[in-house]
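K.L.:
This is upload_36.txt, which holds compact mmCIF, C-alpha atoms:
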# COMPACT_ATOMS: atom_id res chain seq x y z
CA ALA A 1 23.16 -2.16 -0.56
CA GLN A 2 22.05 -5.13 -2.51
CA SER A 3 23.25 -5.81 -6.03
CA VAL A 4 22.92 -8.42 -8.72
CA THR A 5 25.76 -9.60 -10.95
CA GLN A 6 25.26 -11.52 -14.15
CA LEU A 7 28.54 -13.21 -14.85
CA ASP A 8 28.23 -13.51 -18.63
CA SER A 9 27.24 -10.73 -20.97
CA GLN A 10 26.81 -13.11 -23.91
CA VAL A 11 26.19 -16.85 -24.12
CA PRO A 12 26.13 -18.51 -27.55
CA VAL A 13 24.86 -22.08 -27.72
CA PHE A 14 23.66 -24.52 -30.32
CA GLU A 15 20.06 -25.59 -30.58
CA GLU A 16 19.08 -28.49 -28.27
CA ALA A 17 22.11 -27.94 -26.05
CA PRO A 18 21.70 -27.23 -22.34
CA VAL A 19 22.33 -23.73 -21.06
CA GLU A 20 23.05 -22.07 -17.74
CA LEU A 21 22.91 -18.32 -17.24
CA ARG A 22 24.66 -17.29 -14.07
CA CYS A 23 23.50 -14.75 -11.50
CA ASN A 24 25.01 -13.89 -8.14
CA TYR A 25 23.48 -11.56 -5.63
CA SER A 26 24.97 -9.70 -2.73
CA SER A 27 22.89 -8.91 0.24
CA SER A 28 23.28 -9.10 3.96
CA VAL A 29 19.65 -10.07 4.29
CA SER A 30 17.29 -12.34 2.43
CA VAL A 31 16.19 -11.23 -0.97
CA TYR A 32 13.56 -12.08 -3.47
CA LEU A 33 14.98 -13.07 -6.86
CA PHE A 34 13.63 -12.98 -10.39
CA TRP A 35 14.53 -13.81 -13.94
CA TYR A 36 13.04 -11.76 -16.75
CA VAL A 37 13.34 -12.34 -20.50
CA GLN A 38 13.34 -9.68 -23.19
CA TYR A 39 12.70 -10.88 -26.73
CA PRO A 40 13.88 -8.63 -29.56
CA ASN A 41 11.92 -5.39 -29.71
CA GLN A 42 9.67 -6.36 -26.82
CA GLY A 43 9.24 -5.50 -23.17
CA LEU A 44 10.33 -7.69 -20.29
CA GLN A 45 8.41 -10.79 -19.32
CA LEU A 46 8.70 -12.63 -16.03
CA LEU A 47 10.21 -16.12 -16.40
CA LEU A 48 10.22 -17.16 -12.75
CA LYS A 49 10.73 -15.88 -9.23
CA TYR A 50 11.94 -17.11 -5.88
CA LEU A 51 10.25 -15.71 -2.79
CA SER A 52 10.62 -18.53 -0.28
CA GLY A 53 10.19 -22.29 0.07
CA SER A 54 11.65 -24.78 -2.39
CA THR A 55 14.97 -23.64 -3.73
CA LEU A 56 14.26 -25.08 -7.18
CA VAL A 57 11.90 -22.82 -9.05
CA LYS A 58 10.25 -23.75 -12.30
CA GLY A 59 9.18 -21.10 -14.75
CA ILE A 60 7.70 -20.72 -18.17
CA ASN A 61 9.12 -22.10 -21.42
CA GLY A 62 10.94 -24.95 -19.66
CA PHE A 63 13.30 -22.75 -17.65
CA GLU A 64 14.18 -23.36 -14.03
CA ALA A 65 16.46 -21.72 -11.48
CA GLU A 66 18.00 -22.81 -8.21
CA PHE A 67 18.39 -20.51 -5.24
CA ASN A 68 21.65 -21.26 -3.45
CA LYS A 69 22.02 -19.27 -0.27
CA SER A 70 25.51 -20.47 0.59
CA GLN A 71 26.83 -19.46 -2.81
CA THR A 72 24.51 -16.42 -3.11
CA SER A 73 23.52 -17.56 -6.56
CA PHE A 74 20.36 -17.91 -8.61
CA HIS A 75 21.42 -19.51 -11.88
CA LEU A 76 18.93 -20.05 -14.70
CA ARG A 77 18.95 -23.33 -16.60
CA LYS A 78 17.27 -25.05 -19.49
CA PRO A 79 18.11 -28.61 -20.51
CA SER A 80 17.52 -28.10 -24.23
CA VAL A 81 17.22 -24.70 -25.88
CA HIS A 82 15.39 -23.68 -29.03
CA ILE A 83 16.08 -21.00 -31.58
CA SER A 84 13.12 -19.10 -30.12
CA ASP A 85 14.93 -18.79 -26.78
CA THR A 86 17.26 -16.25 -28.33
CA ALA A 87 16.74 -13.19 -26.15
CA GLU A 88 18.28 -11.10 -23.42
CA TYR A 89 17.83 -12.41 -19.89
CA PHE A 90 17.88 -10.29 -16.78
CA CYS A 91 18.33 -11.38 -13.21
CA ALA A 92 16.77 -9.05 -10.65
CA SER A 93 16.41 -8.80 -6.91
CA TYR A 94 13.98 -7.12 -4.59
CA PRO A 95 14.66 -6.34 -0.96
CA PRO A 96 12.20 -7.57 1.64
CA GLY A 97 10.64 -4.54 3.25
CA GLY A 98 12.28 -1.37 2.12
CA SER A 99 10.62 1.82 1.08
CA ASN A 100 10.90 2.03 -2.66
CA TYR A 101 9.81 -1.41 -3.85
CA LYS A 102 12.49 -1.32 -6.49
CA LEU A 103 13.65 -4.17 -8.66
CA THR A 104 17.43 -4.09 -8.99
CA PHE A 105 18.47 -5.55 -12.32
CA GLY A 106 21.67 -7.14 -13.49
CA LYS A 107 23.24 -5.94 -16.72
CA GLY A 108 21.72 -8.73 -18.76
CA THR A 109 22.92 -11.82 -20.59
CA LEU A 110 22.33 -12.13 -24.30
CA LEU A 111 21.53 -15.74 -25.14
CA THR A 112 22.00 -16.58 -28.80
CA VAL A 113 20.82 -19.99 -29.94
CA ASN A 114 22.38 -21.09 -33.21
CA PRO A 115 21.09 -23.83 -35.51
CA GLU B 1 -6.43 -7.92 -22.89
CA ALA B 2 -4.44 -6.94 -19.81
CA GLN B 3 -1.55 -4.76 -20.87
CA VAL B 4 0.72 -1.81 -20.34
CA THR B 5 0.87 0.55 -23.30
CA GLN B 6 3.40 3.24 -24.06
CA ASN B 7 3.35 6.02 -26.62
CA PRO B 8 5.17 6.84 -28.71
CA ARG B 9 7.20 3.70 -29.38
CA TYR B 10 9.91 5.64 -31.16
CA LEU B 11 10.82 9.30 -30.86
CA ILE B 12 13.61 11.43 -32.25
CA THR B 13 13.84 14.93 -30.86
CA VAL B 14 16.30 17.76 -30.32
CA THR B 15 17.96 19.05 -27.20
CA GLY B 16 15.71 21.23 -25.06
CA LYS B 17 12.38 20.40 -26.67
CA LYS B 18 9.97 19.26 -23.97
CA LEU B 19 8.41 15.86 -24.47
CA THR B 20 6.09 13.45 -22.71
CA VAL B 21 6.02 9.69 -22.94
CA THR B 22 2.69 8.26 -21.91
CA CYS B 23 2.11 5.03 -20.03
CA SER B 24 -1.25 3.46 -19.40
CA GLN B 25 -2.33 0.20 -17.79
CA ASN B 26 -5.76 -1.43 -17.82
CA MET B 27 -5.27 -3.77 -14.86
CA ASN B 28 -6.25 -1.37 -12.05
CA HIS B 29 -2.72 -1.59 -10.68
CA GLU B 30 -1.70 0.67 -7.83
CA TYR B 31 2.07 0.53 -8.42
CA MET B 32 3.71 1.96 -11.54
CA SER B 33 7.32 2.62 -12.37
CA TRP B 34 9.61 3.96 -15.09
CA TYR B 35 12.93 2.39 -16.04
CA ARG B 36 15.56 3.25 -18.58
CA GLN B 37 17.66 0.59 -20.27
CA ASP B 38 21.14 1.33 -21.53
CA PRO B 39 23.63 -1.13 -23.06
CA GLY B 40 25.78 -2.77 -20.43
CA LEU B 41 23.87 -1.13 -17.58
CA GLY B 42 20.66 -3.15 -17.46
CA LEU B 43 17.50 -1.40 -16.31
CA ARG B 44 17.59 1.43 -13.82
CA GLN B 45 14.56 2.87 -12.09
CA ILE B 46 13.76 6.52 -12.75
CA TYR B 47 10.59 7.14 -10.73
CA TYR B 48 7.87 5.08 -9.18
CA SER B 49 4.36 5.61 -7.86
CA MET B 50 2.63 3.65 -5.12
CA ASN B 51 -0.79 5.10 -5.93
CA VAL B 52 -2.57 8.19 -7.23
CA GLU B 53 -0.74 11.37 -6.22
CA VAL B 54 2.07 9.33 -4.59
CA THR B 55 5.36 9.39 -6.49
CA ASP B 56 9.01 9.10 -5.52
CA LYS B 57 12.48 9.08 -7.02
CA GLY B 58 14.27 5.96 -8.14
CA ASP B 59 17.97 5.64 -8.87
CA VAL B 60 18.28 8.06 -11.80
CA PRO B 61 15.59 10.77 -11.50
CA GLU B 62 17.65 13.76 -12.70
CA GLY B 63 16.13 15.43 -15.75
CA TYR B 64 12.77 13.66 -15.45
CA LYS B 65 9.37 14.42 -13.96
CA VAL B 66 6.32 12.24 -13.47
CA SER B 67 2.74 12.68 -12.39
CA ARG B 68 0.01 10.29 -11.24
CA LYS B 69 -3.31 12.05 -11.45
CA GLU B 70 -5.21 8.91 -12.43
CA LYS B 71 -4.63 5.34 -11.44
CA ARG B 72 -4.19 4.07 -14.99
CA ASN B 73 -1.75 6.70 -16.30
CA PHE B 74 1.82 7.51 -15.35
CA PRO B 75 3.42 9.88 -17.88
CA LEU B 76 7.15 10.54 -17.99
CA ILE B 77 8.08 14.14 -18.73
CA LEU B 78 11.41 15.40 -20.02
CA GLU B 79 11.23 19.17 -19.70
CA SER B 80 14.57 19.86 -21.41
CA PRO B 81 15.90 16.66 -22.96
CA SER B 82 19.63 16.21 -23.41
CA PRO B 83 21.59 13.68 -25.49
CA ASN B 84 22.45 11.64 -22.37
CA GLN B 85 18.76 10.85 -22.07
CA THR B 86 18.89 8.90 -25.31
CA SER B 87 17.76 5.49 -24.13
CA LEU B 88 15.12 2.79 -24.18
CA TYR B 89 12.38 3.51 -21.64
CA PHE B 90 10.05 1.00 -20.03
CA CYS B 91 6.97 1.55 -17.96
CA ALA B 92 5.90 -1.19 -15.56
CA SER B 93 2.98 -1.79 -13.25
CA SER B 94 1.95 -4.23 -10.56
CA LEU B 95 -1.10 -4.70 -8.40
CA ARG B 96 0.77 -3.26 -5.45
CA GLY B 97 4.37 -2.59 -4.53
CA GLY B 98 6.09 -5.72 -3.26
CA ALA B 99 7.87 -8.81 -4.52
CA VAL B 100 4.76 -10.96 -4.40
CA PHE B 101 3.18 -8.86 -7.11
CA THR B 102 4.55 -9.43 -10.61
CA GLN B 103 5.60 -6.34 -12.51
CA TYR B 104 4.23 -6.14 -16.04
CA PHE B 105 6.24 -4.18 -18.55
CA GLY B 106 5.20 -2.10 -21.52
CA PRO B 107 6.78 -2.60 -24.96
CA GLY B 108 9.27 0.23 -24.54
CA THR B 109 9.89 3.68 -26.02
CA ARG B 110 13.12 4.26 -27.89
CA LEU B 111 14.11 7.89 -27.47
CA THR B 112 16.88 9.66 -29.37
CA VAL B 113 17.86 13.18 -28.37
CA LEU B 114 20.02 14.98 -30.95
Starting from the coordinates I provided, produce the structure as structure tokens.
P.N.:
Amino acid sequence: AQSVTQLDSQVPVFEEAPVELRCNYSSSVSVYLFWYVQYPNQGLQLLLKYLSGSTLVKGINGFEAEFNKSQTSFHLRKPSVHISDTAEYFCASYPPGGSNYKLTFGKGTLLTVNP
Amino acid sequence: EAQVTQNPRYLITVTGKKLTVTCSQNMNHEYMSWYRQDPGLGLRQIYYSMNVEVTDKGDVPEGYKVSRKEKRNFPLILESPSPNQTSLYFCASSLRGGAVFTQYFGPGTRLTVL
């Protein structure tokens, strides 16, 4: 069975610093990978997704992620964060084919951007 | 505005009192799903629906029911709520099932069962 592991439950950073949120996946077959963001008291919003093609994926709000098959990772990065990026971030995977079309989520990483 | 709405947003109830959380989308999406979010566990799928009258269990279906009589609505029913169902619930929809189709999430329903 596939699974997604987010390696950090909390990441505190200062404003304008770079940030990397780490995500590893385990699957014996190819997967589709996603990053979602949840701002306080809101639902989840898609940041970016990798389905195929270029391994560097650019998303909204200046975020990007790199799919690394050899390391089974899909880390999320931003070169300079803002206070408004404070949120919980979820990595998720989706099996190709399959019968339940289910997103499998990691446990989340709380990003706190301090002034 | 394209959106997924949930009602109520907040609910406090007592053990055993049947309740329904409604979910509605205005995007003509075929696929809809319910998740629950618990601290340290991320989101887990409860039930999903590929289309009208087509529903199936997710990872944690025990204690929940769903129905899909209309394309736009996908209510979540707790016939006899228990304290372990205290959680934050999200409804999501996408044009169809499949990774290509982005899932759009509602704002969430925070349920407390006393």
K.L.:
Quick one: of A:Lys49, A:Lys102, A:His82, A:His75, who's nearest to Leu7 (chain A), counting only C-alpha atoms?
P.N.:
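Checking each of A:Lys49, A:Lys102, A:His82, A:His75 against Leu7 (chain A), counting only C-alpha atoms, the winner is A:His75.
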K.L.:
Kindly give the distance, in Å, that separates CA of Ile83 (chain A) and CA of Val113 (chain A), rounded to a single decimal.
P.N.:
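For CA of Ile83 (chain A) relative to CA of Val113 (chain A), the distance reads 5.1 Å.
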K.L.:
Within 8 Å of Leu110 (chain A), counting only C-alpha atoms, which residues qualify if same-chain residues fewer than 6 places away don't, as a list of chain:residue names?
P.N.:
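So the residues in contact are A:Ser9, A:Gln10, A:Val11, A:Thr86, A:Ala87, A:Glu88, A:Tyr89.
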K.L.:
Put those residues in a file: C-alpha atoms, as a compact mmCIF listing (two decimals), keeping the file's coordinate frame.
P.N.:
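The resulting file, result_20.txt, is reproduced below:
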# COMPACT_ATOMS: atom_id res chain seq x y z
CA SER A 9 27.24 -10.73 -20.97
CA GLN A 10 26.81 -13.11 -23.91
CA VAL A 11 26.19 -16.85 -24.12
CA THR A 86 17.26 -16.25 -28.33
CA ALA A 87 16.74 -13.19 -26.15
CA GLU A 88 18.28 -11.10 -23.42
CA TYR A 89 17.83 -12.41 -19.89
K.L.:
Just give me the gap between CA of Thr112 (chain A) and CA of Glu20 (chain A) in Å, one decimal is fine.
P.N.:
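So the answer is 12.4 Å.
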K.L.:
Find the residues of chain B in contact range of chain A, meaning any atom within 7 Å when counting only C-alpha atoms, and list them as a list in words.
P.N.:
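Close enough to count are Gly40, Leu41, Gly42, Leu43, Gly97, Gly98, Ala99, Phe105, Gly106, Pro107 and Gly108 of chain B.
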K.L.:
Kindly give the distance, in Å, that separates CA of Tyr25 (chain A) and CA of Gln6 (chain A), rounded to a single decimal.
P.N.:
8.7 Å
K.L.:
Taking (-4.8, -2.7, -10.3) in the file's coordinates as the center, which residues reach within 8 Å of it, counting only C-alpha atoms, put as a ChimeraX atom specification?
P.N.:
/B:26-31,94-96
K.L.:
Residues of region 28-67 of chain B that have any atom at most 10 Å from an atom of region 5-20 of chain B: could you tabulate them with the shortest-distance atom pair and the distance in Å to one decimal, using all atoms listed in the file, ordered by chain and increasing number, as a Markdown table?
P.N.:
| residue | atom | partner | partner_atom | distance |
| --- | --- | --- | --- | --- |
| B:Tyr64 | CA | B:Thr20 | CA | 9.9 |
| B:Lys65 | CA | B:Thr20 | CA | 9.4 |
| B:Val66 | CA | B:Thr20 | CA | 9.3 |
K.L.:
Check the smallest atom-to-atom distance from each of A:Cys23, A:Pro115, A:Leu56, A:Trp35 to Ser84 (chain A) using all atoms listed in the file, then report the winner.
P.N.:
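Of the candidates, the smallest distance to Ser84 (chain A) is held by A:Pro115.
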K.L.:
Pick the closest to Phe101 (chain B) from B:Leu76, B:Val4, B:Cys23, B:Met32: which is it, counting only C-alpha atoms?
P.N.:
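Closest candidate: B:Met32.
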K.L.:
Need to verify the contact set: region 77-79 of chain A, 6 Å, all atoms listed in the file, exclusion of same-chain residues closer than 3 positions in sequence. Can you return it as a list of chain:residue names?
P.N.:
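Here the answer would be A:Pro18, A:Val19, A:Glu20, A:Phe63, A:Glu64, A:Ala65.
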K.L.:
Determine the nearest neighbour of Ile77 (chain B) from the options B:Arg110, B:Gln25, B:Gly58, B:Ile46, counting only C-alpha atoms.
P.N.:
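Closest to Ile77 (chain B) of all the choices is B:Ile46.
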K.L.:
Could all heavy atoms be built for region 45-56 of chain A and written out as a CSV table (one decimal), in the frame of the given file?
P.N.:
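Contents of the output file out30.csv:
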chain,number,residue,atom,x,y,z
A,45,GLN,N,9.4,-9.8,-19.7
A,45,GLN,CA,8.4,-10.8,-19.3
A,45,GLN,C,9.0,-11.6,-18.2
A,45,GLN,O,10.1,-12.1,-18.3
A,45,GLN,CB,8.0,-11.7,-20.5
A,45,GLN,CG,7.0,-12.7,-20.2
A,45,GLN,CD,6.7,-13.6,-21.5
A,45,GLN,OE1,7.3,-13.4,-22.5
A,45,GLN,NE2,5.8,-14.5,-21.3
A,46,LEU,N,8.2,-11.8,-17.1
A,46,LEU,CA,8.7,-12.6,-16.0
A,46,LEU,C,8.8,-14.1,-16.4
A,46,LEU,O,7.9,-14.7,-16.9
A,46,LEU,CB,7.7,-12.5,-14.8
A,46,LEU,CG,8.1,-13.2,-13.6
A,46,LEU,CD1,9.4,-12.6,-13.0
A,46,LEU,CD2,7.0,-13.2,-12.6
A,47,LEU,N,10.0,-14.7,-16.2
A,47,LEU,CA,10.2,-16.1,-16.4
A,47,LEU,C,9.9,-16.9,-15.1
A,47,LEU,O,9.2,-17.9,-15.2
A,47,LEU,CB,11.7,-16.4,-16.7
A,47,LEU,CG,12.1,-16.4,-18.2
A,47,LEU,CD1,13.6,-16.6,-18.3
A,47,LEU,CD2,11.4,-17.4,-19.0
A,48,LEU,N,10.4,-16.5,-14.0
A,48,LEU,CA,10.2,-17.2,-12.8
A,48,LEU,C,10.7,-16.3,-11.6
A,48,LEU,O,11.4,-15.3,-11.8
A,48,LEU,CB,11.0,-18.5,-12.7
A,48,LEU,CG,12.4,-18.5,-13.1
A,48,LEU,CD1,13.3,-18.0,-12.0
A,48,LEU,CD2,12.9,-19.9,-13.6
A,49,LYS,N,10.3,-16.6,-10.4
A,49,LYS,CA,10.7,-15.9,-9.2
A,49,LYS,C,10.9,-16.8,-8.0
A,49,LYS,O,10.2,-17.8,-7.9
A,49,LYS,CB,9.8,-14.7,-8.9
A,49,LYS,CG,8.4,-15.2,-8.6
A,49,LYS,CD,7.5,-13.9,-8.4
A,49,LYS,CE,6.0,-14.3,-8.1
A,49,LYS,NZ,5.2,-13.0,-8.0
A,50,TYR,N,11.8,-16.4,-7.1
A,50,TYR,CA,11.9,-17.1,-5.9
A,50,TYR,C,11.6,-16.1,-4.8
A,50,TYR,O,12.2,-15.1,-4.6
A,50,TYR,CB,13.4,-17.6,-5.7
A,50,TYR,CG,13.6,-18.1,-4.3
A,50,TYR,CD1,13.2,-19.4,-3.9
A,50,TYR,CD2,14.3,-17.3,-3.3
A,50,TYR,CE1,13.4,-19.9,-2.7
A,50,TYR,CE2,14.5,-17.8,-2.1
A,50,TYR,CZ,14.0,-19.1,-1.7
A,50,TYR,OH,14.2,-19.6,-0.5
A,51,LEU,N,10.6,-16.5,-4.0
A,51,LEU,CA,10.2,-15.7,-2.8
A,51,LEU,C,10.6,-16.4,-1.5
A,51,LEU,O,11.1,-15.8,-0.6
A,51,LEU,CB,8.7,-15.4,-2.8
A,51,LEU,CG,8.2,-14.6,-4.1
A,51,LEU,CD1,6.8,-14.4,-4.0
A,51,LEU,CD2,9.0,-13.3,-4.3
A,52,SER,N,10.3,-17.7,-1.5
A,52,SER,CA,10.6,-18.5,-0.3
A,52,SER,C,10.3,-20.0,-0.6
A,52,SER,O,9.9,-20.3,-1.8
A,52,SER,CB,9.8,-18.1,0.9
A,52,SER,OG,8.4,-18.3,0.7
A,53,GLY,N,10.6,-20.9,0.3
A,53,GLY,CA,10.2,-22.3,0.1
A,53,GLY,C,11.2,-23.1,-0.7
A,53,GLY,O,12.4,-22.8,-0.6
A,54,SER,N,10.8,-23.9,-1.6
A,54,SER,CA,11.6,-24.8,-2.4
A,54,SER,C,12.7,-23.9,-3.1
A,54,SER,O,12.3,-22.9,-3.8
A,54,SER,CB,10.8,-25.6,-3.4
A,54,SER,OG,11.7,-26.3,-4.3
A,55,THR,N,13.9,-24.4,-3.1
A,55,THR,CA,15.0,-23.6,-3.7
A,55,THR,C,15.0,-23.8,-5.2
A,55,THR,O,15.7,-23.1,-5.9
A,55,THR,CB,16.3,-24.0,-3.1
A,55,THR,OG1,16.5,-25.4,-3.3
A,55,THR,CG2,16.4,-23.6,-1.7
A,56,LEU,N,14.3,-24.9,-5.7
A,56,LEU,CA,14.3,-25.1,-7.2
A,56,LEU,C,12.9,-24.5,-7.7
A,56,LEU,O,11.9,-24.9,-7.3
A,56,LEU,CB,14.3,-26.6,-7.5
A,56,LEU,CG,14.4,-26.9,-9.0
A,56,LEU,CD1,15.6,-26.3,-9.7
A,56,LEU,CD2,14.3,-28.4,-9.2
